[in-house]
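What's in input_31.pdb: PDB, C-alpha atoms
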MODEL        1
ATOM      1  CA  MET A  91      28.667  26.016   6.970
ATOM      2  CA  ALA A  92      26.168  28.074   4.959
ATOM      3  CA  THR A  93      23.915  30.508   6.801
ATOM      4  CA  MET A  94      20.242  31.272   6.352
ATOM      5  CA  GLN A  95      21.172  34.697   4.956
ATOM      6  CA  GLN A  96      23.357  33.104   2.290
ATOM      7  CA  VAL A  97      20.462  30.821   1.308
ATOM      8  CA  ALA A  98      18.184  33.867   1.069
ATOM      9  CA  ASP A  99      20.676  35.701  -1.154
ATOM     10  CA  ARG A 100      21.118  32.701  -3.443
ATOM     11  CA  ALA A 101      17.342  32.158  -3.780
ATOM     12  CA  GLY A 102      16.573  35.885  -4.180
ATOM     13  CA  VAL A 103      14.160  35.972  -1.243
ATOM     14  CA  SER A 104      14.093  37.451   2.243
ATOM     15  CA  ILE A 105      15.587  35.676   5.216
ATOM     16  CA  ALA A 106      12.062  35.514   6.635
ATOM     17  CA  THR A 107      10.936  33.503   3.614
ATOM     18  CA  VAL A 108      13.791  31.057   4.134
ATOM     19  CA  SER A 109      12.707  30.742   7.754
ATOM     20  CA  PHE A 110       9.126  30.050   6.674
ATOM     21  CA  VAL A 111      10.330  27.230   4.398
ATOM     22  CA  VAL A 112      12.711  25.744   6.971
ATOM     23  CA  ASN A 113      10.369  25.920   9.941
ATOM     24  CA  GLY A 114       7.102  25.359   8.131
ATOM     25  CA  ASN A 115       5.335  28.046  10.159
ATOM     26  CA  LYS A 116       3.887  29.845   7.163
ATOM     27  CA  ARG A 117       2.843  28.650   3.737
ATOM     28  CA  VAL A 118       4.856  29.824   0.730
ATOM     29  CA  SER A 119       4.227  29.233  -2.940
ATOM     30  CA  PRO A 120       5.559  25.996  -4.449
ATOM     31  CA  ALA A 121       7.832  27.956  -6.804
ATOM     32  CA  THR A 122       9.366  29.901  -3.915
ATOM     33  CA  ARG A 123       9.795  26.752  -1.846
ATOM     34  CA  ASP A 124      11.560  25.097  -4.789
ATOM     35  CA  ARG A 125      13.981  28.041  -5.135
ATOM     36  CA  VAL A 126      14.790  28.023  -1.428
ATOM     37  CA  THR A 127      15.298  24.249  -1.194
ATOM     38  CA  ALA A 128      17.464  24.317  -4.346
ATOM     39  CA  ALA A 129      19.629  27.034  -2.774
ATOM     40  CA  MET A 130      19.908  25.002   0.420
ATOM     41  CA  ARG A 131      21.135  21.989  -1.539
ATOM     42  CA  GLU A 132      23.611  24.027  -3.596
ATOM     43  CA  LEU A 133      25.105  25.673  -0.511
ATOM     44  CA  GLY A 134      25.024  22.586   1.648
ATOM     45  CA  TYR A 135      22.823  24.308   4.219
ATOM     46  CA  ARG A 136      21.993  22.099   7.176
ATOM     47  CA  ASN A 137      19.202  23.048   9.493
ATOM     48  CA  ASN A 138      19.349  22.117  13.171
ATOM     49  CA  VAL A 139      16.352  19.821  13.383
ATOM     50  CA  VAL A 140      16.334  19.712  17.193
ATOM     51  CA  ALA A 141      16.486  23.502  17.543
ATOM     52  CA  ARG A 142      13.784  23.911  14.935
ATOM     53  CA  ALA A 143      11.518  21.437  16.711
ATOM     54  CA  LEU A 144      11.995  23.216  20.050
ATOM     55  CA  ALA A 145      11.228  26.595  18.510
ATOM     56  CA  SER A 146       8.198  25.564  16.476
ATOM     57  CA  ARG A 147       6.964  22.624  18.589
ATOM     58  CA  ARG A 148       6.935  20.658  15.344
ATOM     59  CA  THR A 149       9.419  18.101  14.062
ATOM     60  CA  ARG A 150       8.172  18.037  10.441
ATOM     61  CA  ILE A 151       8.501  14.279  10.717
ATOM     62  CA  ILE A 152       5.810  11.893   9.505
ATOM     63  CA  ALA A 153       5.923   8.375  10.935
ATOM     64  CA  LEU A 154       4.934   5.532   8.621
ATOM     65  CA  LEU A 155       3.705   2.710  10.859
ATOM     66  CA  PHE A 156       4.414  -0.708   9.405
ATOM     67  CA  PRO A 157       3.902  -3.914  11.467
ATOM     68  CA  VAL A 158       7.060  -5.549  10.159
ATOM     69  CA  LEU A 159       6.989  -8.185  12.907
ATOM     70  CA  GLU A 160       3.690  -9.528  11.576
ATOM     71  CA  HIS A 161       3.969  -8.730   7.862
ATOM     72  CA  ARG A 162       6.876  -8.548   5.442
ATOM     73  CA  LEU A 163       7.781  -5.386   3.548
ATOM     74  CA  GLY A 164       6.936  -6.609   0.046
ATOM     75  CA  GLN A 165       7.237  -4.908  -3.305
ATOM     76  CA  THR A 166       3.859  -3.170  -3.170
ATOM     77  CA  ALA A 167       4.559  -1.845   0.336
ATOM     78  CA  LEU A 168       7.963  -0.594  -0.830
ATOM     79  CA  GLN A 169       6.251   1.304  -3.651
ATOM     80  CA  PHE A 170       4.001   2.990  -1.101
ATOM     81  CA  PHE A 171       6.968   3.903   1.082
ATOM     82  CA  THR A 172       9.295   5.257  -1.594
ATOM     83  CA  SER A 173       6.539   7.293  -3.223
ATOM     84  CA  ALA A 174       5.385   8.699   0.110
ATOM     85  CA  ALA A 175       8.956   9.544   1.153
ATOM     86  CA  GLY A 176       9.586  11.434  -2.070
ATOM     87  CA  ARG A 177       6.386  13.434  -1.818
ATOM     88  CA  ALA A 178       7.000  14.238   1.852
ATOM     89  CA  SER A 179      10.430  15.615   0.972
ATOM     90  CA  GLU A 180       8.928  17.801  -1.739
ATOM     91  CA  LEU A 181       6.533  19.248   0.845
ATOM     92  CA  GLY A 182       9.270  19.910   3.391
ATOM     93  CA  TYR A 183       8.724  16.883   5.623
ATOM     94  CA  HIS A 184      10.752  13.807   6.540
ATOM     95  CA  LEU A 185       9.093  10.406   6.306
ATOM     96  CA  VAL A 186      10.393   7.850   8.799
ATOM     97  CA  LEU A 187       9.571   4.159   8.550
ATOM     98  CA  TRP A 188       8.504   3.027  12.027
ATOM     99  CA  PRO A 189       8.642  -0.780  12.092
ATOM    100  CA  SER A 190       6.420  -1.760  14.968
ATOM    101  CA  ALA A 191       4.050  -4.332  16.335
ATOM    102  CA  ALA A 192       0.420  -3.946  15.335
ATOM    103  CA  THR A 193      -0.495  -2.717  18.827
ATOM    104  CA  ALA A 194      -1.785   0.429  20.482
ATOM    105  CA  ASP A 195       1.205   0.534  22.854
ATOM    106  CA  ASP A 196       3.688   1.258  20.077
ATOM    107  CA  VAL A 197       1.513   4.105  18.837
ATOM    108  CA  ARG A 198       1.239   5.563  22.341
ATOM    109  CA  ASP A 199       5.025   5.488  22.793
ATOM    110  CA  LEU A 200       5.635   7.158  19.440
ATOM    111  CA  ILE A 201       3.176   9.993  19.940
ATOM    112  CA  SER A 202       3.786  10.663  23.639
ATOM    113  CA  GLY A 203       7.484  11.079  22.867
ATOM    114  CA  GLY A 204       6.751  13.901  20.436
ATOM    115  CA  LEU A 205       8.706  12.175  17.682
ATOM    116  CA  ALA A 206       6.264  12.845  14.861
ATOM    117  CA  ASP A 207       3.763  15.509  13.813
ATOM    118  CA  GLY A 208       1.507  13.009  12.100
ATOM    119  CA  VAL A 209       1.194   9.359  11.195
ATOM    120  CA  ILE A 210       0.514   7.213   8.144
ATOM    121  CA  VAL A 211      -0.715   3.710   9.020
ATOM    122  CA  MET A 212      -0.010   0.774   6.694
ATOM    123  CA  GLU A 213      -1.160  -2.852   6.605
ATOM    124  CA  VAL A 214      -4.479  -2.030   8.207
ATOM    125  CA  THR A 215      -6.686  -4.700   9.758
ATOM    126  CA  MET A 216     -10.470  -4.585   9.926
ATOM    127  CA  HIS A 217     -10.366  -3.686  13.642
ATOM    128  CA  ASP A 218      -6.969  -2.038  13.925
ATOM    129  CA  PRO A 219      -5.828  -1.142  17.482
ATOM    130  CA  ARG A 220      -3.344   1.408  16.125
ATOM    131  CA  ILE A 221      -6.102   3.398  14.456
ATOM    132  CA  GLU A 222      -8.292   3.171  17.536
ATOM    133  CA  GLN A 223      -5.405   4.553  19.634
ATOM    134  CA  LEU A 224      -4.638   7.389  17.208
ATOM    135  CA  THR A 225      -8.308   8.360  17.208
ATOM    136  CA  ARG A 226      -8.441   8.401  21.012
ATOM    137  CA  MET A 227      -5.300  10.565  21.171
ATOM    138  CA  ASP A 228      -6.659  12.931  18.480
ATOM    139  CA  VAL A 229      -3.462  12.578  16.437
ATOM    140  CA  PRO A 230      -3.483  13.614  12.753
ATOM    141  CA  PHE A 231      -3.224  10.454  10.670
ATOM    142  CA  VAL A 232      -4.105   8.895   7.338
ATOM    143  CA  SER A 233      -4.361   5.164   6.763
ATOM    144  CA  ILE A 234      -3.339   3.292   3.646
ATOM    145  CA  GLY A 235      -6.151   0.792   4.024
ATOM    146  CA  ARG A 236      -9.585   0.663   5.621
ATOM    147  CA  THR A 237     -11.061  -0.658   8.828
ATOM    148  CA  ALA A 238     -14.460  -2.361   8.961
ATOM    149  CA  ASP A 239     -16.088   1.065   9.465
ATOM    150  CA  PRO A 240     -13.836   3.646   7.802
ATOM    151  CA  SER A 241     -16.372   6.480   7.648
ATOM    152  CA  ALA A 242     -14.805   8.447  10.529
ATOM    153  CA  ILE A 243     -11.150   8.233   9.422
ATOM    154  CA  SER A 244      -9.047   9.560   6.548
ATOM    155  CA  PHE A 245      -7.911   6.781   4.238
ATOM    156  CA  VAL A 246      -6.539   6.022   0.813
ATOM    157  CA  ASP A 247      -6.783   2.440  -0.348
ATOM    158  CA  ILE A 248      -6.798   0.040  -3.251
ATOM    159  CA  ASP A 249     -10.308  -0.637  -4.480
ATOM    160  CA  PHE A 250     -10.135  -4.365  -3.805
ATOM    161  CA  GLU A 251     -13.784  -4.948  -4.654
ATOM    162  CA  ARG A 252     -13.359  -3.378  -8.098
ATOM    163  CA  THR A 253     -10.056  -5.176  -8.614
ATOM    164  CA  VAL A 254     -11.633  -8.586  -7.959
ATOM    165  CA  GLU A 255     -14.495  -7.732 -10.311
ATOM    166  CA  ASP A 256     -12.022  -6.736 -13.036
ATOM    167  CA  ALA A 257     -10.126 -10.020 -12.632
ATOM    168  CA  LEU A 258     -13.334 -12.033 -12.875
ATOM    169  CA  ASP A 259     -14.559  -9.959 -15.823
ATOM    170  CA  HIS A 260     -11.338 -10.795 -17.661
ATOM    171  CA  LEU A 261     -11.558 -14.506 -16.898
ATOM    172  CA  THR A 262     -15.280 -14.952 -17.541
ATOM    173  CA  GLY A 263     -14.833 -13.012 -20.771
ATOM    174  CA  LEU A 264     -12.471 -15.820 -21.784
ATOM    175  CA  GLY A 265     -15.158 -18.392 -20.951
ATOM    176  CA  HIS A 266     -13.962 -19.531 -17.511
ATOM    177  CA  ARG A 267     -16.693 -20.781 -15.193
ATOM    178  CA  ARG A 268     -14.676 -22.568 -12.488
ATOM    179  CA  ILE A 269     -12.269 -20.169 -10.789
ATOM    180  CA  GLY A 270     -10.109 -20.393  -7.693
ATOM    181  CA  LEU A 271      -8.846 -17.596  -5.439
ATOM    182  CA  VAL A 272      -5.507 -17.958  -3.625
ATOM    183  CA  VAL A 273      -4.994 -15.664  -0.616
ATOM    184  CA  GLU A 274      -2.369 -15.517   2.102
ATOM    185  CA  ASP A 275      -2.780 -17.855   5.069
ATOM    186  CA  LEU A 276      -2.974 -15.486   8.046
ATOM    187  CA  ASP A 277      -5.102 -17.555  10.407
ATOM    188  CA  GLY A 278      -3.869 -17.473  13.977
ATOM    189  CA  THR A 279      -1.703 -14.379  13.460
ATOM    190  CA  ALA A 280      -2.100 -10.727  14.443
ATOM    191  CA  MET A 281      -2.920 -10.053  10.772
ATOM    192  CA  ALA A 282      -5.836 -12.496  10.599
ATOM    193  CA  GLU A 283      -8.195  -9.586   9.870
ATOM    194  CA  TYR A 284      -5.854  -8.032   7.290
ATOM    195  CA  GLY A 285      -8.075  -5.727   5.255
ATOM    196  CA  PRO A 286      -6.938  -6.627   1.706
ATOM    197  CA  LYS A 287      -7.390 -10.350   2.316
ATOM    198  CA  VAL A 288     -10.772  -9.989   4.037
ATOM    199  CA  ARG A 289     -12.166  -7.587   1.430
ATOM    200  CA  SER A 290     -10.858  -9.502  -1.590
ATOM    201  CA  GLU A 291     -12.148 -12.846  -0.347
ATOM    202  CA  ALA A 292     -15.575 -11.384   0.472
ATOM    203  CA  ALA A 293     -15.753  -9.691  -2.934
ATOM    204  CA  PHE A 294     -14.778 -12.925  -4.701
ATOM    205  CA  ARG A 295     -17.378 -15.045  -2.908
ATOM    206  CA  ALA A 296     -20.114 -12.489  -3.570
ATOM    207  CA  SER A 297     -19.180 -12.066  -7.222
ATOM    208  CA  VAL A 298     -19.006 -15.751  -8.157
ATOM    209  CA  ALA A 299     -22.353 -16.318  -6.440
ATOM    210  CA  ARG A 300     -23.895 -13.421  -8.336
ATOM    211  CA  ARG A 301     -22.443 -14.643 -11.632
ATOM    212  CA  GLY A 302     -23.608 -18.224 -11.014
ATOM    213  CA  ILE A 303     -20.141 -19.713 -11.458
ATOM    214  CA  ALA A 304     -18.026 -22.010  -9.269
ATOM    215  CA  GLY A 305     -15.554 -20.364  -6.914
ATOM    216  CA  THR A 306     -13.049 -22.013  -4.575
ATOM    217  CA  VAL A 307     -10.897 -20.165  -2.014
ATOM    218  CA  VAL A 308      -7.614 -21.647  -0.781
ATOM    219  CA  ALA A 309      -4.922 -20.187   1.474
ATOM    220  CA  SER A 310      -1.243 -20.152   0.645
ATOM    221  CA  GLY A 311       1.639 -20.335   3.090
ATOM    222  CA  ALA A 312       4.899 -18.464   2.645
ATOM    223  CA  SER A 313       6.962 -18.366  -0.554
ATOM    224  CA  ALA A 314       6.959 -20.693  -3.546
ATOM    225  CA  GLU A 315       6.386 -23.768  -1.404
ATOM    226  CA  GLY A 316       3.192 -22.213  -0.095
ATOM    227  CA  GLY A 317       2.061 -21.631  -3.674
ATOM    228  CA  ARG A 318       2.741 -25.249  -4.625
ATOM    229  CA  ARG A 319       0.702 -26.486  -1.669
ATOM    230  CA  ALA A 320      -2.129 -24.095  -2.560
ATOM    231  CA  ALA A 321      -2.158 -25.415  -6.142
ATOM    232  CA  ALA A 322      -2.389 -28.989  -4.898
ATOM    233  CA  GLU A 323      -5.254 -28.106  -2.564
ATOM    234  CA  LEU A 324      -7.098 -26.221  -5.308
ATOM    235  CA  LEU A 325      -6.894 -29.209  -7.668
ATOM    236  CA  VAL A 326      -8.184 -31.542  -4.951
ATOM    237  CA  ARG A 327     -11.113 -29.291  -4.063
ATOM    238  CA  ASP A 328     -12.027 -28.546  -7.690
ATOM    239  CA  PRO A 329     -10.371 -30.917 -10.196
ATOM    240  CA  ASP A 330     -12.161 -29.123 -13.041
ATOM    241  CA  VAL A 331     -10.917 -25.619 -12.179
ATOM    242  CA  THR A 332      -9.819 -23.669 -15.274
ATOM    243  CA  ALA A 333      -8.586 -20.382 -13.770
ATOM    244  CA  ALA A 334      -6.936 -19.066 -10.614
ATOM    245  CA  VAL A 335      -6.658 -15.574  -9.139
ATOM    246  CA  ILE A 336      -3.765 -15.124  -6.716
ATOM    247  CA  MET A 337      -3.077 -12.242  -4.321
ATOM    248  CA  LYS A 338       0.328 -13.224  -2.973
ATOM    249  CA  ASP A 339       3.288 -12.317  -5.168
ATOM    250  CA  ASP A 340       5.895 -14.439  -3.386
ATOM    251  CA  SER A 341       3.784 -17.530  -4.135
ATOM    252  CA  ASN A 342       3.093 -16.842  -7.835
ATOM    253  CA  PHE A 343       5.915 -19.069  -9.063
ATOM    254  CA  GLY A 344       4.923 -21.868  -6.691
ATOM    255  CA  LEU A 345       1.295 -21.772  -7.810
ATOM    256  CA  VAL A 346       2.237 -22.151 -11.491
ATOM    257  CA  SER A 347       4.776 -24.866 -10.593
ATOM    258  CA  GLY A 348       2.191 -26.701  -8.490
ATOM    259  CA  LEU A 349      -0.387 -26.620 -11.267
ATOM    260  CA  ARG A 350       2.159 -28.132 -13.633
ATOM    261  CA  ALA A 351       3.003 -30.803 -11.070
ATOM    262  CA  GLY A 352      -0.708 -31.615 -10.999
ATOM    263  CA  GLY A 353      -0.746 -32.138 -14.767
ATOM    264  CA  ARG A 354      -2.171 -28.712 -15.687
ATOM    265  CA  ARG A 355      -0.557 -26.459 -18.284
ATOM    266  CA  VAL A 356      -0.675 -22.672 -17.880
ATOM    267  CA  PRO A 357      -2.575 -21.183 -19.652
ATOM    268  CA  GLU A 358      -3.837 -24.043 -21.856
ATOM    269  CA  ASP A 359      -5.557 -25.868 -18.988
ATOM    270  CA  VAL A 360      -5.601 -23.275 -16.197
ATOM    271  CA  SER A 361      -5.292 -19.512 -16.593
ATOM    272  CA  VAL A 362      -3.588 -17.555 -13.803
ATOM    273  CA  ILE A 363      -3.943 -13.877 -12.950
ATOM    274  CA  ALA A 364      -2.107 -12.092 -10.117
ATOM    275  CA  ILE A 365      -3.922  -9.185  -8.458
ATOM    276  CA  VAL A 366      -2.523  -6.299  -6.377
ATOM    277  CA  SER A 367       0.718  -7.092  -8.151
ATOM    278  CA  SER A 368       3.087  -5.518 -10.695
ATOM    279  CA  ASP A 369       4.608  -6.048 -14.133
ATOM    280  CA  SER A 370       7.946  -6.962 -12.548
ATOM    281  CA  ALA A 371       6.335  -9.613 -10.349
ATOM    282  CA  GLY A 372       4.568 -11.000 -13.403
ATOM    283  CA  THR A 373       7.786 -11.363 -15.382
ATOM    284  CA  ALA A 374       9.360 -13.477 -12.609
ATOM    285  CA  THR A 375       7.155 -16.414 -13.632
ATOM    286  CA  GLU A 376       7.024 -18.491 -16.813
ATOM    287  CA  PRO A 377       4.751 -17.833 -18.578
ATOM    288  CA  VAL A 378       4.663 -14.121 -17.797
ATOM    289  CA  LEU A 379       1.616 -13.517 -15.624
ATOM    290  CA  THR A 380      -1.375 -11.387 -16.427
ATOM    291  CA  THR A 381      -1.522  -8.904 -13.546
ATOM    292  CA  LEU A 382      -3.716  -6.287 -11.977
ATOM    293  CA  ASN A 383      -1.066  -3.781 -10.937
ATOM    294  CA  ALA A 384      -1.255  -2.066  -7.547
ATOM    295  CA  PRO A 385      -1.367   1.766  -7.620
ATOM    296  CA  GLY A 386       1.397   2.012  -5.003
ATOM    297  CA  PRO A 387       3.000   5.306  -6.097
ATOM    298  CA  ALA A 388      -0.348   7.093  -6.373
ATOM    299  CA  LEU A 389      -1.456   5.886  -2.935
ATOM    300  CA  GLY A 390       1.812   6.945  -1.293
ATOM    301  CA  ARG A 391       1.662  10.458  -2.749
ATOM    302  CA  LEU A 392      -2.010  10.917  -1.936
ATOM    303  CA  ALA A 393      -1.605   9.761   1.670
ATOM    304  CA  VAL A 394       1.191  12.289   2.305
ATOM    305  CA  GLU A 395      -0.638  15.144   0.604
ATOM    306  CA  SER A 396      -3.778  14.471   2.626
ATOM    307  CA  LEU A 397      -1.859  14.362   5.918
ATOM    308  CA  VAL A 398       0.212  17.485   5.193
ATOM    309  CA  ASP A 399      -2.963  19.400   4.310
ATOM    310  CA  ARG A 400      -4.311  18.528   7.763
ATOM    311  CA  LEU A 401      -1.053  19.373   9.538
ATOM    312  CA  GLU A 402      -0.825  22.770   7.878
ATOM    313  CA  GLY A 403      -4.503  23.620   8.270
ATOM    314  CA  ALA A 404      -5.230  23.641   4.558
ATOM    315  CA  SER A 405      -8.086  21.152   4.986
ATOM    316  CA  THR A 406     -10.087  19.560   7.756
ATOM    317  CA  ASP A 407     -12.063  17.275   5.452
ATOM    318  CA  LEU A 408     -11.634  13.517   5.747
ATOM    319  CA  THR A 409     -10.012  11.840   2.764
ATOM    320  CA  HIS A 410     -11.847   8.811   1.382
ATOM    321  CA  ALA A 411     -10.046   7.674  -1.773
ATOM    322  CA  LEU A 412     -10.182   4.307  -3.531
ATOM    323  CA  ILE A 413      -7.929   3.560  -6.501
ATOM    324  CA  PRO A 414      -8.393   0.384  -8.574
ATOM    325  CA  CYS A 415      -5.586  -1.786  -9.909
ATOM    326  CA  GLU A 416      -4.749  -1.628 -13.617
ATOM    327  CA  LEU A 417      -5.094  -4.730 -15.799
ATOM    328  CA  HIS A 418      -1.994  -5.804 -17.735
ATOM    329  CA  VAL A 419      -2.710  -8.798 -19.983
ATOM    330  CA  ALA A 420       0.192 -11.189 -20.556
ATOM    331  CA  ALA A 421       0.710 -14.847 -21.421
ATOM    332  CA  SER A 422      -0.829 -16.634 -18.444
ATOM    333  CA  THR A 423      -4.489 -16.147 -19.355
ATOM    334  CA  ALA A 424      -6.238 -17.717 -22.340
ATOM    335  CA  PRO A 425      -9.696 -18.963 -23.368
ATOM    336  CA  ALA A 426     -11.084 -21.706 -21.171
ATOM    337  CA  PRO A 427     -10.480 -25.235 -22.472
ATOM    338  CA  ALA A 428     -13.399 -26.675 -24.417
TER
ENDMDL
END

Rewrite the structure from the file as C-alpha cells, please.
Amino acid sequence: MATMQQVADRAGVSIATVSFVVNGNKRVSPATRDRVTAAMRELGYRNNVVARALASRRTRIIALLFPVLEHRLGQTALQFFTSAAGRASELGYHLVLWPSAATADDVRDLISGGLADGVIVMEVTMHDPRIEQLTRMDVPFVSIGRTADPSAISFVDIDFERTVEDALDHLTGLGHRRIGLVVEDLDGTAMAEYGPKVRSEAAFRASVARRGIAGTVVASGASAEGGRRAAAELLVRDPDVTAAVIMKDDSNFGLVSGLRAGGRRVPEDVSVIAIVSSDSAGTATEPVLTTLNAPGPALGRLAVESLVDRLEGASTDLTHALIPCELHVAASTAPAPA
C-alpha cells in the first residue's frame, strides 16, 4: 500500500501538504490539491477515514437528506445528486445520500452520531421540520429549496416564479388565453406543503389573474394513469382550454394521451409545455414536448460550494441563490386555435 511520503514524492510537494489535503485542516491551492489527488489515484493511496476523523474531529462527509419514503428520486433530483457528488469529490469531501423520513428525528440521529460535517437538504417543504431541527442544533447546512420564510437560511433553488412566468409568456405569445396547470397530487401526505408545488401553483394563479386570462389548476396522481385522469378533469373543468403547463414528468405521456382520448390534438387543439423538466423527458412523449429545463447540475454544484465554504471558514454569509429554468421549444406548442 502506498504511503503518504510516496504521494508527496510523486506530487512534488511536502508530506505536510499531502496531510493538509487528506485531512482538510489547512487550505491549499486548487492546483496543488489536484496534483496531490492525482498522485493518490495513480499510487492507489487509501486514507484511513476512521483514523482521520478521530484525529481531526471531522469526517469530510456531507449528508444529502432526501425523504425517499415520501417522494421518489426522479430525474431532476438525480441531476442534483450526481452534480453535487462530483463537486464534493473535487473539493475533497464525500457526499452520502441519506434516504430518510421528512422528520426532525432522522436529522437528530444523523448529527448526534457525528456521521457528517454538514448537510444538504432536498425536497424542502414550506415548513420543513428537518430545517427547523438543523437550525436548533446549529449545524452547517444548505437547502436545495426554500421554506416559507427562507431569509435566515442558506439556500439554492429553482426560480419557480420566474419559470411559471416564462411558460405563460411563451403560451400567451402564441395567443393562448385559456391555460391549465397540472401539478402533483400531494394532499394528505407529508409532502403536502412541498415548496415547488406550492410556489408554482401560487405563481400561476397570480399571473393568470394579472394577465386577465383563464387559468385552471388540476392535480395529477402517479405515473401516466395520473396524467390521463388529470387531462380528463381539465377538459371537464374547462372544455375550451387551449394550453396546459405540467410540472410532473412521469405524467407527461399520460396527459398528452388523455387529451387525445378527449378528442384534442397536441398541439393543434391544445399546446403542452413541461416545466422543471429536461430535454430527455420531453423526447419521451409524442410529439416532443416543449420544456423549461431544470438547472439541476448548477444547483448541485452551488449547494456543495456554499456548504464547503462554511465548513472551511471561507465564508459566513448566507447563500440566497435562485436559478430559472431554460426554455427549449419543441413540437408540442403552437399558436392557439382560431

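Take the candidates A:Pro414, A:Gly270, A:Gly352, A:Pro157 and check each one against Val197 (chain A) using only C-alpha atoms; the shortest distance goes to A:Pro157.
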
Subject >> Which residue of A:Arg198, A:Arg125, A:Arg177, A:Arg289 approaches Ala388 (chain A) most closely, using only C-alpha atoms >> reply: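 With only C-alpha atoms as the atom set, the closest residue is A:Arg177.
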
Produce a table with one row for each residue of region 240-356 of chain A that has an atom at most 12 Å from any atom of region 221-229 of chain A, each row naming the nearest atom pair and its distance in Å at one decimal; use all atoms listed in the file; arrange rows by chain and rising residue number; format as a Markdown table.
| residue | atom | partner | partner_atom | distance |
| --- | --- | --- | --- | --- |
| A:Pro240 | CA | A:Ile221 | CA | 10.2 |
| A:Ala242 | CA | A:Thr225 | CA | 9.3 |
| A:Ile243 | CA | A:Thr225 | CA | 8.3 |
| A:Ser244 | CA | A:Ile221 | CA | 10.4 |
| A:Phe245 | CA | A:Ile221 | CA | 10.9 |

Could you turn the residues from that selection into a file that holds C-alpha atoms, as a PDB file, keeping the file's coordinate frame?
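That gives us out-v5.pdb:
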ATOM      1  CA  PRO A 240     -13.836   3.646   7.802  1.00  0.00           C
ATOM      2  CA  ALA A 242     -14.805   8.447  10.529  1.00  0.00           C
ATOM      3  CA  ILE A 243     -11.150   8.233   9.422  1.00  0.00           C
ATOM      4  CA  SER A 244      -9.047   9.560   6.548  1.00  0.00           C
ATOM      5  CA  PHE A 245      -7.911   6.781   4.238  1.00  0.00           C
TER       6      PHE A 245
END

**OP:** Using only C-alpha atoms, find the one residue out of A:Ile151, A:Leu276, A:Ala167, A:Leu258 that sits nearest to Ser367 (chain A).
**Re:**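 Looking only at the distances to Ser367 (chain A), the closest residue turns out to be A:Ala167.
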
**OP:** Run through the PyMOL selection byres ((chain A and resi 398-400) around 12) on the given coordinates and return the selected residues as JSON, numbers by chain.
**Re:** {"A": [114, 117, 150, 151, 152, 174, 177, 178, 179, 180, 181, 182, 183, 184, 185, 207, 208, 209, 210, 229, 230, 231, 232, 244, 391, 392, 393, 394, 395, 396, 397, 401, 402, 403, 404, 405, 406, 407, 408, 409]}

Original post:
Residues picked by the PyMOL selection byres ((chain A and resi 275) around 12) here, as a VMD selection string?
Top reply: chain A and resid 161 272 to 274 276 to 284 287 to 288 291 307 to 313 316 to 317 319 to 320 337 to 338 341

Subject >> Selected residue of minimal separation from Ala293 (chain A) among A:Ala175, A:Ala92, A:Ala257, A:Ala333, counting only C-alpha atoms >> reply: A:Ala257

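What the PyMOL selection byres ((chain A and resi 417) around 7) picks from this file is Thr381, Leu382, Asn383, Cys415, Glu416, His418 and Val419 of chain A.
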